[in-house]
file target-v5.json (JSON, C-alpha atoms)
[["chain", "number", "residue", "atom", "x", "y", "z"],
["G", 1, "MET", "CA", 16.97, -37.16, 5.54],
["G", 2, "ILE", "CA", 18.42, -33.82, 4.48],
["G", 3, "SER", "CA", 18.29, -34.84, 0.83],
["G", 4, "ALA", "CA", 14.60, -35.68, 1.21],
["G", 5, "ILE", "CA", 13.88, -32.34, 2.87],
["G", 6, "LEU", "CA", 15.83, -30.41, 0.24],
["G", 7, "ALA", "CA", 13.77, -32.12, -2.44],
["G", 8, "LEU", "CA", 10.61, -30.54, -1.03],
["G", 9, "ALA", "CA", 8.86, -28.78, -3.91],
["G", 10, "LEU", "CA", 8.19, -25.06, -3.54],
["G", 11, "LEU", "CA", 5.63, -24.44, -6.27],
["G", 12, "GLY", "CA", 3.54, -21.26, -6.43],
["G", 13, "GLY", "CA", -0.19, -21.59, -7.02],
["G", 14, "GLN", "CA", -2.04, -19.15, -9.24],
["G", 15, "ASP", "CA", -5.35, -18.68, -7.42],
["G", 16, "ALA", "CA", -5.77, -15.04, -6.51],
["G", 17, "ALA", "CA", -6.06, -14.50, -2.77],
["G", 18, "PRO", "CA", -9.29, -12.59, -2.08],
["G", 19, "ARG", "CA", -8.92, -9.47, 0.02],
["G", 20, "PRO", "CA", -11.45, -7.80, 2.32],
["G", 21, "PRO", "CA", -13.77, -5.61, 0.25],
["G", 22, "ASP", "CA", -13.97, -2.69, 2.66],
["G", 23, "THR", "CA", -12.12, 0.50, 1.79],
["G", 24, "LEU", "CA", -10.84, 3.44, 3.77],
["G", 25, "PRO", "CA", -12.59, 6.57, 2.45],
["G", 26, "ASP", "CA", -10.67, 9.73, 1.62],
["G", 27, "ILE", "CA", -7.28, 8.24, 2.44],
["G", 28, "VAL", "CA", -4.53, 10.86, 2.41],
["G", 29, "VAL", "CA", -1.02, 9.60, 1.73],
["G", 30, "GLN", "CA", 1.51, 11.36, 3.96],
["G", 31, "PRO", "CA", 5.22, 10.61, 4.52],
["G", 32, "LEU", "CA", 5.88, 7.89, 7.08],
["G", 33, "SER", "CA", 5.70, 9.51, 10.52],
["G", 34, "ASP", "CA", 8.23, 9.21, 13.32],
["G", 35, "ASP", "CA", 5.79, 8.08, 16.01],
["G", 36, "ALA", "CA", 5.40, 4.50, 17.33],
["G", 37, "ILE", "CA", 3.38, 3.24, 14.35],
["G", 38, "GLY", "CA", 5.71, 4.82, 11.79],
["G", 39, "ARG", "CA", 8.79, 3.38, 13.50],
["G", 40, "PHE", "CA", 7.17, -0.05, 13.71],
["G", 41, "ILE", "CA", 6.38, -0.07, 9.98],
["G", 42, "GLY", "CA", 9.79, 1.33, 9.06],
["G", 43, "GLY", "CA", 11.52, -1.41, 11.04],
["G", 44, "ILE", "CA", 9.76, -4.38, 9.43],
["G", 45, "THR", "CA", 9.28, -3.39, 5.78],
["G", 46, "VAL", "CA", 11.90, -3.61, 3.05],
["G", 47, "PRO", "CA", 11.83, -2.28, -0.54],
["G", 48, "GLY", "CA", 13.56, -5.28, -2.07],
["G", 49, "GLU", "CA", 16.63, -5.29, -4.25],
["G", 50, "HIS", "CA", 15.58, -2.16, -6.17],
["G", 51, "GLY", "CA", 15.96, 0.18, -3.19],
["G", 52, "ARG", "CA", 13.53, 2.48, -1.43],
["G", 53, "PHE", "CA", 13.13, 4.96, -4.30],
["G", 54, "VAL", "CA", 11.97, 2.49, -6.94],
["G", 55, "GLY", "CA", 11.37, -0.64, -4.85],
["G", 56, "GLN", "CA", 8.08, -1.91, -3.44],
["G", 57, "VAL", "CA", 6.82, -3.98, -0.53],
["G", 58, "ALA", "CA", 6.14, -7.63, -1.33],
["G", 59, "ARG", "CA", 3.19, -9.76, -0.29],
["G", 60, "TRP", "CA", 1.52, -12.95, -1.47],
["G", 61, "ASP", "CA", -0.86, -12.61, -4.39],
["G", 62, "HIS", "CA", -1.87, -16.29, -4.57],
["G", 63, "ARG", "CA", -3.01, -18.91, -2.08],
["G", 64, "LEU", "CA", -0.47, -20.05, 0.46],
["G", 65, "CYS", "CA", 0.33, -23.71, 1.07],
["G", 66, "VAL", "CA", 2.47, -24.58, 4.10],
["G", 67, "SER", "CA", 4.43, -27.77, 4.59],
["G", 68, "VAL", "CA", 6.23, -28.43, 7.89],
["G", 69, "VAL", "CA", 8.89, -31.17, 7.85],
["G", 70, "GLY", "CA", 11.79, -32.38, 9.97],
["G", 71, "GLY", "CA", 10.03, -32.68, 13.32],
["G", 72, "ALA", "CA", 7.96, -35.48, 14.82],
["G", 73, "SER", "CA", 4.92, -36.25, 12.67],
["G", 74, "ASP", "CA", 2.45, -34.93, 15.26],
["G", 75, "VAL", "CA", 4.47, -31.69, 15.66],
["G", 76, "ASN", "CA", 4.63, -31.21, 11.89],
["G", 77, "ALA", "CA", 0.88, -31.71, 11.56],
["G", 78, "TYR", "CA", 0.04, -29.44, 14.50],
["G", 79, "LEU", "CA", 2.24, -26.58, 13.28],
["G", 80, "THR", "CA", 0.88, -26.88, 9.74],
["G", 81, "GLU", "CA", -2.72, -26.62, 10.96],
["G", 82, "GLN", "CA", -2.01, -23.80, 13.40],
["G", 83, "ILE", "CA", -0.13, -21.74, 10.81],
["G", 84, "ALA", "CA", -3.06, -22.18, 8.42],
["G", 85, "ALA", "CA", -5.47, -21.21, 11.23],
["G", 86, "ASN", "CA", -3.53, -17.98, 11.76],
["G", 87, "PHE", "CA", -3.82, -17.24, 8.03],
["G", 88, "ARG", "CA", -7.57, -17.82, 8.13],
["G", 89, "SER", "CA", -7.96, -15.56, 11.16],
["G", 90, "LEU", "CA", -6.50, -12.79, 8.99],
["G", 91, "ASP", "CA", -8.78, -13.60, 6.04],
["G", 92, "ILE", "CA", -5.81, -14.94, 4.09],
["G", 93, "PRO", "CA", -6.71, -18.28, 2.51],
["G", 94, "HIS", "CA", -4.70, -21.46, 2.72],
["G", 95, "ALA", "CA", -4.94, -24.02, -0.06],
["G", 96, "ALA", "CA", -6.63, -27.39, 0.46],
["G", 97, "PRO", "CA", -4.73, -30.38, 1.92],
["G", 98, "GLY", "CA", -2.41, -31.99, -0.61],
["G", 99, "CYS", "CA", -1.55, -28.65, -2.25],
["G", 100, "ALA", "CA", 1.89, -27.95, -3.70],
["G", 101, "PRO", "CA", 3.90, -26.15, -0.97],
["G", 102, "THR", "CA", 4.77, -22.49, -1.39],
["G", 103, "VAL", "CA", 6.04, -22.13, 2.20],
["G", 104, "ALA", "CA", 8.44, -24.83, 3.45],
["G", 105, "VAL", "CA", 9.12, -24.88, 7.19],
["G", 106, "VAL", "CA", 12.08, -27.12, 8.03],
["G", 107, "ILE", "CA", 12.76, -28.14, 11.65],
["G", 108, "SER", "CA", 16.39, -29.18, 12.06],
["G", 109, "THR", "CA", 18.57, -30.33, 14.94],
["G", 110, "ASP", "CA", 21.52, -28.77, 13.11],
["G", 111, "ALA", "CA", 19.98, -25.69, 11.53],
["G", 112, "ASP", "CA", 23.32, -24.09, 10.67],
["G", 113, "ALA", "CA", 24.44, -27.12, 8.66],
["G", 114, "PHE", "CA", 21.06, -27.43, 6.97],
["G", 115, "ALA", "CA", 21.11, -23.74, 6.03],
["G", 116, "ARG", "CA", 24.56, -24.09, 4.47],
["G", 117, "THR", "CA", 23.51, -27.15, 2.48],
["G", 118, "PHE", "CA", 20.25, -25.55, 1.37],
["G", 119, "ALA", "CA", 22.02, -22.35, 0.33],
["G", 120, "ARG", "CA", 24.65, -24.24, -1.65],
["G", 121, "ARG", "CA", 22.08, -26.34, -3.52],
["G", 122, "ASN", "CA", 19.60, -23.52, -4.10],
["G", 123, "ARG", "CA", 21.90, -20.50, -4.49],
["G", 124, "ASN", "CA", 20.82, -19.62, -8.02],
["G", 125, "HIS", "CA", 17.11, -20.22, -7.44],
["G", 126, "MET", "CA", 16.40, -18.84, -3.96],
["G", 127, "PHE", "CA", 19.14, -16.23, -3.70],
["G", 128, "SER", "CA", 19.59, -15.16, -7.32],
["G", 129, "THR", "CA", 23.36, -15.27, -6.68],
["G", 130, "ARG", "CA", 22.99, -12.23, -4.38],
["G", 131, "GLY", "CA", 25.81, -12.43, -1.83],
["G", 132, "GLU", "CA", 24.11, -10.10, 0.63],
["G", 133, "ALA", "CA", 20.95, -12.22, 0.80],
["G", 134, "LEU", "CA", 23.03, -15.37, 1.21],
["G", 135, "THR", "CA", 25.06, -13.85, 4.03],
["G", 136, "ARG", "CA", 21.90, -12.79, 5.90],
["G", 137, "PHE", "CA", 20.42, -16.27, 5.59],
["G", 138, "LEU", "CA", 23.53, -18.13, 6.74],
["G", 139, "GLY", "CA", 24.40, -16.23, 9.87],
["G", 140, "PRO", "CA", 24.51, -15.64, 12.70],
["G", 141, "SER", "CA", 22.86, -18.65, 14.37],
["G", 142, "ARG", "CA", 19.32, -17.93, 15.56],
["G", 143, "PRO", "CA", 16.13, -19.83, 16.46],
["G", 144, "VAL", "CA", 14.45, -19.14, 13.11],
["G", 145, "ARG", "CA", 15.82, -17.91, 9.78],
["G", 146, "TRP", "CA", 13.97, -17.32, 6.55],
["G", 147, "ARG", "CA", 14.31, -16.45, 2.89],
["G", 148, "HIS", "CA", 11.52, -15.09, 0.69],
["G", 149, "LEU", "CA", 11.88, -15.46, -3.06],
["G", 150, "THR", "CA", 10.09, -12.51, -4.65],
["G", 151, "ARG", "CA", 9.22, -11.62, -8.21],
["G", 152, "THR", "CA", 8.53, -8.32, -9.94],
["G", 153, "ASP", "CA", 5.59, -8.29, -12.35],
["G", 154, "GLN", "CA", 5.23, -5.75, -15.13],
["G", 155, "ARG", "CA", 1.96, -3.86, -15.55],
["G", 156, "ALA", "CA", 0.59, -1.38, -18.02],
["G", 157, "LEU", "CA", 2.10, 2.11, -17.65],
["G", 158, "PRO", "CA", -0.14, 3.89, -15.12],
["G", 159, "GLN", "CA", -1.84, 7.24, -15.67],
["G", 160, "SER", "CA", -0.63, 8.58, -12.33],
["G", 161, "ARG", "CA", 2.66, 9.90, -10.95],
["G", 162, "LEU", "CA", 1.94, 8.06, -7.70],
["G", 163, "ARG", "CA", 2.00, 4.66, -9.35],
["G", 164, "VAL", "CA", 4.57, 2.63, -11.25],
["G", 165, "ALA", "CA", 4.46, -0.08, -13.89],
["G", 166, "THR", "CA", 5.45, -2.91, -11.54],
["G", 167, "THR", "CA", 4.21, -4.88, -8.55],
["G", 168, "ARG", "CA", 6.27, -7.08, -6.25],
["G", 169, "ALA", "CA", 5.04, -10.38, -4.84],
["G", 170, "ILE", "CA", 6.34, -13.19, -2.63],
["G", 171, "GLN", "CA", 6.60, -16.35, -4.69],
["G", 172, "GLN", "CA", 8.21, -18.97, -2.43],
["G", 173, "THR", "CA", 9.49, -19.10, 1.14],
["G", 174, "ILE", "CA", 11.88, -21.28, 3.12],
["G", 175, "ILE", "CA", 11.86, -21.05, 6.94],
["G", 176, "VAL", "CA", 14.44, -22.98, 8.96],
["G", 177, "VAL", "CA", 13.70, -23.66, 12.64],
["G", 178, "ASP", "CA", 16.52, -24.59, 15.00],
["G", 179, "ALA", "CA", 14.88, -27.36, 17.04],
["G", 180, "GLU", "CA", 16.96, -26.71, 20.17],
["G", 181, "ARG", "CA", 16.85, -22.91, 20.13],
["G", 182, "ALA", "CA", 13.12, -22.78, 19.42],
["G", 183, "ALA", "CA", 12.21, -25.44, 21.98],
["G", 184, "ALA", "CA", 11.48, -22.85, 24.69],
["G", 185, "ALA", "CA", 8.50, -21.45, 22.76],
["G", 186, "PRO", "CA", 5.08, -23.13, 23.05],
["G", 187, "LEU", "CA", 4.00, -24.67, 19.76],
["G", 188, "ASP", "CA", 0.98, -22.39, 19.36],
["G", 189, "SER", "CA", 3.22, -19.34, 19.85],
["G", 190, "LEU", "CA", 5.78, -20.72, 17.41],
["G", 191, "ALA", "CA", 3.01, -21.27, 14.85],
["G", 192, "ALA", "CA", 1.91, -17.63, 15.15],
["G", 193, "TYR", "CA", 5.52, -16.48, 14.77],
["G", 194, "LEU", "CA", 5.99, -18.64, 11.67],
["G", 195, "ALA", "CA", 2.72, -17.40, 10.19],
["G", 196, "PHE", "CA", 3.85, -13.77, 10.54],
["G", 197, "ILE", "CA", 7.22, -14.55, 8.96],
["G", 198, "ALA", "CA", 5.56, -16.39, 6.08],
["G", 199, "LEU", "CA", 3.25, -13.45, 5.31],
["G", 200, "VAL", "CA", 5.76, -10.58, 5.52],
["G", 201, "ASP", "CA", 8.99, -9.97, 3.58],
["G", 202, "LEU", "CA", 10.88, -9.03, 6.72],
["G", 203, "PRO", "CA", 14.44, -7.74, 7.04],
["G", 204, "ALA", "CA", 16.92, -10.19, 8.54],
["G", 205, "GLU", "CA", 16.81, -8.31, 11.87],
["G", 206, "PRO", "CA", 13.37, -6.68, 12.25],
["G", 207, "SER", "CA", 13.12, -3.65, 14.52],
["G", 208, "THR", "CA", 9.76, -3.41, 16.29],
["G", 209, "GLY", "CA", 10.30, -0.25, 18.32],
["G", 210, "GLY", "CA", 9.53, -2.00, 21.59],
["G", 211, "GLN", "CA", 5.94, -2.83, 20.62],
["G", 212, "ARG", "CA", 4.21, -5.97, 21.85],
["G", 213, "THR", "CA", 4.49, -8.28, 18.88],
["G", 214, "ILE", "CA", 4.91, -11.98, 18.17],
["G", 215, "LEU", "CA", 8.27, -11.06, 16.62],
["G", 216, "SER", "CA", 9.60, -10.65, 20.18],
["G", 217, "LEU", "CA", 8.93, -14.34, 20.90],
["G", 218, "PHE", "CA", 12.62, -15.13, 21.29],
["G", 219, "ASP", "CA", 13.69, -11.75, 22.70],
["G", 220, "GLU", "CA", 11.80, -11.52, 25.98],
["G", 221, "SER", "CA", 11.47, -13.43, 29.22],
["G", 222, "ALA", "CA", 9.05, -16.35, 29.24],
["G", 223, "ALA", "CA", 6.51, -14.37, 31.27],
["G", 224, "ALA", "CA", 6.39, -11.52, 28.75],
["G", 225, "ARG", "CA", 6.24, -13.54, 25.54],
["G", 226, "PRO", "CA", 3.09, -13.10, 23.43],
["G", 227, "ARG", "CA", 1.21, -16.36, 23.01],
["G", 228, "ALA", "CA", -0.26, -15.40, 19.62],
["G", 229, "LEU", "CA", -0.44, -12.60, 17.08],
["G", 230, "THR", "CA", -1.01, -9.34, 18.95],
["G", 231, "ARG", "CA", -3.30, -6.52, 17.92],
["G", 232, "TRP", "CA", -0.35, -4.65, 16.42],
["G", 233, "ASP", "CA", 0.62, -7.72, 14.39],
["G", 234, "ARG", "CA", -2.90, -8.11, 13.05],
["G", 235, "ALA", "CA", -3.28, -4.41, 12.30],
["G", 236, "PHE", "CA", -0.03, -4.42, 10.34],
["G", 237, "ILE", "CA", -0.73, -7.57, 8.31],
["G", 238, "GLU", "CA", -4.26, -6.46, 7.46],
["G", 239, "ALA", "CA", -2.85, -3.10, 6.34],
["G", 240, "LEU", "CA", -0.08, -4.75, 4.30],
["G", 241, "TYR", "CA", -2.59, -6.87, 2.41],
["G", 242, "ARG", "CA", -4.72, -3.82, 1.57],
["G", 243, "VAL", "CA", -1.94, -1.58, 0.32],
["G", 244, "THR", "CA", -2.06, -0.42, -3.31],
["G", 245, "PRO", "CA", 0.32, -2.88, -5.01],
["G", 246, "ASP", "CA", 1.68, -0.62, -7.79],
["G", 247, "MET", "CA", 2.79, 2.40, -5.75],
["G", 248, "MET", "CA", 6.39, 3.19, -4.83],
["G", 249, "PHE", "CA", 7.80, 1.92, -1.54],
["G", 250, "GLY", "CA", 7.59, 5.15, 0.47],
["G", 251, "LEU", "CA", 3.98, 5.73, -0.58],
["G", 252, "GLN", "CA", 3.13, 2.12, 0.24],
["G", 253, "GLN", "CA", 4.62, 2.54, 3.71],
["G", 254, "ALA", "CA", 2.52, 5.67, 4.23],
["G", 255, "GLU", "CA", -0.63, 3.91, 3.07],
["G", 256, "ILE", "CA", 0.11, 0.98, 5.38],
["G", 257, "GLU", "CA", 0.44, 3.50, 8.21],
["G", 258, "ASN", "CA", -2.96, 5.02, 7.41],
["G", 259, "TRP", "CA", -4.59, 1.59, 7.34],
["G", 260, "MET", "CA", -2.81, 0.51, 10.50],
["G", 261, "ARG", "CA", -3.97, 3.59, 12.42],
["G", 262, "HIS", "CA", -7.49, 2.86, 11.20],
["G", 263, "ASN", "CA", -7.20, -0.78, 12.31],
["G", 264, "LEU", "CA", -5.85, 0.09, 15.75],
["G", 265, "THR", "CA", -8.61, 2.60, 16.46],
["G", 266, "THR", "CA", -11.40, 0.26, 15.31],
["G", 267, "THR", "CA", -12.97, -2.34, 17.57],
["G", 268, "PRO", "CA", -10.98, -5.50, 16.83],
["G", 269, "ARG", "CA", -12.60, -8.58, 15.38],
["G", 270, "VAL", "CA", -12.61, -11.72, 17.51],
["G", 271, "PRO", "CA", -10.02, -13.90, 15.73],
["G", 272, "VAL", "CA", -10.22, -17.61, 15.10],
["G", 273, "SER", "CA", -8.85, -19.37, 18.19],
["G", 274, "THR", "CA", -5.18, -20.17, 17.68],
["G", 275, "GLY", "CA", -3.95, -20.15, 21.26],
["G", 276, "GLY", "CA", -5.10, -16.66, 22.16],
["G", 277, "ASP", "CA", -3.26, -13.52, 23.15],
["G", 278, "THR", "CA", -4.50, -10.32, 24.72],
["G", 279, "PRO", "CA", -3.54, -7.03, 23.04]]

call {"tool": "encode", "arguments": {"input": "target-v5.json", "output": "structure tokens"}}
result
Amino acid sequence: MISAILALALLGGQDAAPRPPDTLPDIVVQPLSDDAIGRFIGGITVPGEHGRFVGQVARWDHRLCVSVVGGASDVNAYLTEQIAANFRSLDIPHAAPGCAPTVAVVISTDADAFARTFARRNRNHMFSTRGEALTRFLGPSRPVRWRHLTRTDQRALPQSRLRVATTRAIQQTIIVVDAERAAAAPLDSLAAYLAFIALVDLPAEPSTGGQRTILSLFDESAAARPRALTRWDRAFIEALYRVTPDMMFGLQQAEIENWMRHNLTTTPRVPVSTGGDTP
């Protein structure tokens, strides 16, 4: 069974993901602030292996294709559809059925053992022999763990000091769900959590500054758990997928903050139904 799951292909498509056409006029890039929004962004964005001075945030630049395996067939199918529905509610397209997976979600009754086996067999490909990334993926035990494989693309040398000659993109993702530890979460809530993780190159231990977010799904009492992506989650993801891709990390964070403030002060869209959550 594990061999079959490990053989799951993680192949990146090349179709460009269309982004919303609207723009924020007269945007002014300021350093990341120390208020609630700034702390939220600072706690869930990472500059990649190049560091915060020359690194960049990563996001998908091609269509996503999710495959959920390891659980009961009806659970796999439901989670796959609900994750895709969360993508669509954010105007992020999901490829047609039968697509080559770029996001593999593996449900395991022994997630620690699966993670060790996966890491050993895919060390060079998914971890680029980076010990730090491998250590974060392997431990400690938790309901969900993930690894994003990113790439850095070269661009023409820009005519601006604010931009650089590279962009960073998520290429493939593995998400491992501990079946027992994650069992307490409703499936629609778990799908929203997995969708957020798939879309964002998160640190191993995200810090959300106490905000109401789907990332707190496994941190709060059952009564307080969000049932779906919250308004803060949506505002952040929409901002992330609008950010100028070839700026430096600190400037990208600041631009995300500007977009996020704009999103949070604008009347929210009614999202596609994925289980529903109130802001």

call {"tool": "atom_distance", "arguments": {"input": "target-v5.json", "atom1": "CA of His148 in chain G", "atom2": "CA of Gln172 in chain G"}}
result
6.0 Å

call {"tool": "closest_atom_pairs", "arguments": {"input": "target-v5.json", "of": "range 191-279 of chain G", "to": "range 65-76 of chain G", "cutoff": "12 Å", "atoms": "only C-alpha atoms", "output": "CSV"}}
result
residue,atom,partner,partner_atom,distance
G:Ala191,CA,G:Val68,CA,10.5
G:Leu194,CA,G:Val66,CA,10.2
G:Ala195,CA,G:Val66,CA,9.4
G:Ala198,CA,G:Val66,CA,9.0
G:Leu199,CA,G:Val66,CA,11.2

call {"tool": "atom_distance", "arguments": {"input": "target-v5.json", "atom1": "CA of Phe127 in chain G", "atom2": "CA of Ile175 in chain G"}}
result
13.8 Å

call {"tool": "residues_around", "arguments": {"input": "target-v5.json", "residues": "Gly48 in chain G", "least_positions_apart": "4", "cutoff": "12 Å", "atoms": "only C-alpha atoms", "output": "PDB file with C-alpha atoms, in the coordinates of the input"}}
result
ATOM      1  CA  ARG G  52      13.530   2.480  -1.430  1.00  0.00           C
ATOM      2  CA  PHE G  53      13.130   4.960  -4.300  1.00  0.00           C
ATOM      3  CA  VAL G  54      11.970   2.490  -6.940  1.00  0.00           C
ATOM      4  CA  GLY G  55      11.370  -0.640  -4.850  1.00  0.00           C
ATOM      5  CA  GLN G  56       8.080  -1.910  -3.440  1.00  0.00           C
ATOM      6  CA  VAL G  57       6.820  -3.980  -0.530  1.00  0.00           C
ATOM      7  CA  ALA G  58       6.140  -7.630  -1.330  1.00  0.00           C
ATOM      8  CA  ARG G  59       3.190  -9.760  -0.290  1.00  0.00           C
ATOM      9  CA  ARG G 130      22.990 -12.230  -4.380  1.00  0.00           C
ATOM     10  CA  GLU G 132      24.110 -10.100   0.630  1.00  0.00           C
ATOM     11  CA  ALA G 133      20.950 -12.220   0.800  1.00  0.00           C
ATOM     12  CA  HIS G 148      11.520 -15.090   0.690  1.00  0.00           C
ATOM     13  CA  LEU G 149      11.880 -15.460  -3.060  1.00  0.00           C
ATOM     14  CA  THR G 150      10.090 -12.510  -4.650  1.00  0.00           C
ATOM     15  CA  ARG G 151       9.220 -11.620  -8.210  1.00  0.00           C
ATOM     16  CA  THR G 152       8.530  -8.320  -9.940  1.00  0.00           C
ATOM     17  CA  THR G 167       4.210  -4.880  -8.550  1.00  0.00           C
ATOM     18  CA  ARG G 168       6.270  -7.080  -6.250  1.00  0.00           C
ATOM     19  CA  ALA G 169       5.040 -10.380  -4.840  1.00  0.00           C
ATOM     20  CA  ILE G 170       6.340 -13.190  -2.630  1.00  0.00           C
ATOM     21  CA  ASP G 201       8.990  -9.970   3.580  1.00  0.00           C
ATOM     22  CA  LEU G 202      10.880  -9.030   6.720  1.00  0.00           C
ATOM     23  CA  PRO G 203      14.440  -7.740   7.040  1.00  0.00           C
ATOM     24  CA  MET G 248       6.390   3.190  -4.830  1.00  0.00           C
ATOM     25  CA  PHE G 249       7.800   1.920  -1.540  1.00  0.00           C
TER      26      PHE G 249
END

call {"tool": "axis_aligned_box", "arguments": {"input": "target-v5.json", "around": "range 66-75 of chain G", "padding_each_side": "8 Å", "output": "JSON"}}
result
{"center_x": 7.1, "center_y": -30.4, "center_z": 9.9, "size_x": 25.3, "size_y": 27.7, "size_z": 27.6}

call {"tool": "atom_distance", "arguments": {"input": "target-v5.json", "atom1": "CA of Ser108 in chain G", "atom2": "CA of Ser216 in chain G"}}
result
21.3 Å

call {"tool": "closest_residue", "arguments": {"input": "target-v5.json", "among": "G:Ile174, G:Leu138, G:Met260, G:Ala96", "to": "His125 in chain G", "atoms": "all atoms listed in the file"}}
result
G:Ile174

call {"tool": "residues_around", "arguments": {"input": "target-v5.json", "residues": "Pro206 in chain G", "least_positions_apart": "3", "cutoff": "10 Å", "atoms": "all atoms listed in the file", "output": "PyMOL selection string"}}
result
chain G and resi 40-46+202-203+209+215-216

call {"tool": "closest_residue", "arguments": {"input": "target-v5.json", "among": "G:Ala77, G:Ile214, G:Val176, G:Ala224", "to": "Thr109 in chain G", "atoms": "only C-alpha atoms"}}
result
G:Val176

call {"tool": "residues_around", "arguments": {"input": "target-v5.json", "residues": "Ile256 in chain G", "least_positions_apart": "5", "cutoff": "9 Å", "atoms": "all atoms listed in the file", "output": "ChimeraX atom specification"}}
result
/G:41,236,238-243,251,261

call {"tool": "residues_around", "arguments": {"input": "target-v5.json", "residues": "Arg181 in chain G", "least_positions_apart": "5", "cutoff": "10 Å", "atoms": "all atoms listed in the file", "output": "PyMOL selection string"}}
result
chain G and resi 109+111+141-144+218

call {"tool": "decode", "arguments": {"input": "target-v5.json", "residues": "range 56-69 of chain G", "atoms": "N, CA, C and O atoms", "output": "PDB file, in the first residue's frame"}}
result
ATOM      1  N   GLN G  56      12.184  35.318  -1.772  1.00  0.00           N
ATOM      2  CA  GLN G  56      10.867  35.773  -2.227  1.00  0.00           C
ATOM      3  C   GLN G  56       9.795  34.814  -1.728  1.00  0.00           C
ATOM      4  O   GLN G  56      10.077  33.655  -1.416  1.00  0.00           O
ATOM      5  N   VAL G  57       8.556  35.297  -1.646  1.00  0.00           N
ATOM      6  CA  VAL G  57       7.449  34.407  -1.314  1.00  0.00           C
ATOM      7  C   VAL G  57       7.178  33.510  -2.518  1.00  0.00           C
ATOM      8  O   VAL G  57       7.439  33.885  -3.662  1.00  0.00           O
ATOM      9  N   ALA G  58       6.670  32.328  -2.257  1.00  0.00           N
ATOM     10  CA  ALA G  58       6.342  31.392  -3.339  1.00  0.00           C
ATOM     11  C   ALA G  58       4.836  31.211  -3.418  1.00  0.00           C
ATOM     12  O   ALA G  58       4.134  31.253  -2.406  1.00  0.00           O
ATOM     13  N   ARG G  59       4.355  31.007  -4.632  1.00  0.00           N
ATOM     14  CA  ARG G  59       2.940  30.698  -4.856  1.00  0.00           C
ATOM     15  C   ARG G  59       2.864  29.877  -6.138  1.00  0.00           C
ATOM     16  O   ARG G  59       3.824  29.784  -6.897  1.00  0.00           O
ATOM     17  N   TRP G  60       1.721  29.290  -6.395  1.00  0.00           N
ATOM     18  CA  TRP G  60       1.530  28.523  -7.619  1.00  0.00           C
ATOM     19  C   TRP G  60       1.404  29.471  -8.807  1.00  0.00           C
ATOM     20  O   TRP G  60       0.742  30.506  -8.727  1.00  0.00           O
ATOM     21  N   ASP G  61       2.038  29.084  -9.925  1.00  0.00           N
ATOM     22  CA  ASP G  61       1.875  29.862 -11.150  1.00  0.00           C
ATOM     23  C   ASP G  61       1.318  29.003 -12.274  1.00  0.00           C
ATOM     24  O   ASP G  61       1.350  29.379 -13.435  1.00  0.00           O
ATOM     25  N   HIS G  62       0.799  27.808 -11.925  1.00  0.00           N
ATOM     26  CA  HIS G  62       0.119  26.957 -12.892  1.00  0.00           C
ATOM     27  C   HIS G  62      -1.047  26.275 -12.185  1.00  0.00           C
ATOM     28  O   HIS G  62      -1.164  26.332 -10.957  1.00  0.00           O
ATOM     29  N   ARG G  63      -1.908  25.647 -12.948  1.00  0.00           N
ATOM     30  CA  ARG G  63      -3.109  25.049 -12.389  1.00  0.00           C
ATOM     31  C   ARG G  63      -2.774  23.971 -11.359  1.00  0.00           C
ATOM     32  O   ARG G  63      -1.865  23.172 -11.561  1.00  0.00           O
ATOM     33  N   LEU G  64      -3.553  23.941 -10.291  1.00  0.00           N
ATOM     34  CA  LEU G  64      -3.358  22.919  -9.283  1.00  0.00           C
ATOM     35  C   LEU G  64      -4.159  21.670  -9.647  1.00  0.00           C
ATOM     36  O   LEU G  64      -5.203  21.750 -10.298  1.00  0.00           O
ATOM     37  N   CYS G  65      -3.660  20.533  -9.208  1.00  0.00           N
ATOM     38  CA  CYS G  65      -4.364  19.266  -9.376  1.00  0.00           C
ATOM     39  C   CYS G  65      -4.149  18.456  -8.113  1.00  0.00           C
ATOM     40  O   CYS G  65      -3.017  18.073  -7.807  1.00  0.00           O
ATOM     41  N   VAL G  66      -5.208  18.220  -7.354  1.00  0.00           N
ATOM     42  CA  VAL G  66      -5.115  17.543  -6.061  1.00  0.00           C
ATOM     43  C   VAL G  66      -5.499  16.075  -6.202  1.00  0.00           C
ATOM     44  O   VAL G  66      -6.463  15.733  -6.882  1.00  0.00           O
ATOM     45  N   SER G  67      -4.742  15.229  -5.538  1.00  0.00           N
ATOM     46  CA  SER G  67      -5.089  13.819  -5.428  1.00  0.00           C
ATOM     47  C   SER G  67      -5.028  13.436  -3.954  1.00  0.00           C
ATOM     48  O   SER G  67      -4.007  13.657  -3.298  1.00  0.00           O
ATOM     49  N   VAL G  68      -6.129  12.893  -3.429  1.00  0.00           N
ATOM     50  CA  VAL G  68      -6.182  12.436  -2.039  1.00  0.00           C
ATOM     51  C   VAL G  68      -6.207  10.911  -2.047  1.00  0.00           C
ATOM     52  O   VAL G  68      -7.044  10.299  -2.713  1.00  0.00           O
ATOM     53  N   VAL G  69      -5.287  10.285  -1.330  1.00  0.00           N
ATOM     54  CA  VAL G  69      -5.187   8.831  -1.284  1.00  0.00           C
ATOM     55  C   VAL G  69      -4.994   8.382   0.155  1.00  0.00           C
ATOM     56  O   VAL G  69      -4.684   9.179   1.038  1.00  0.00           O
TER      57      VAL G  69
END
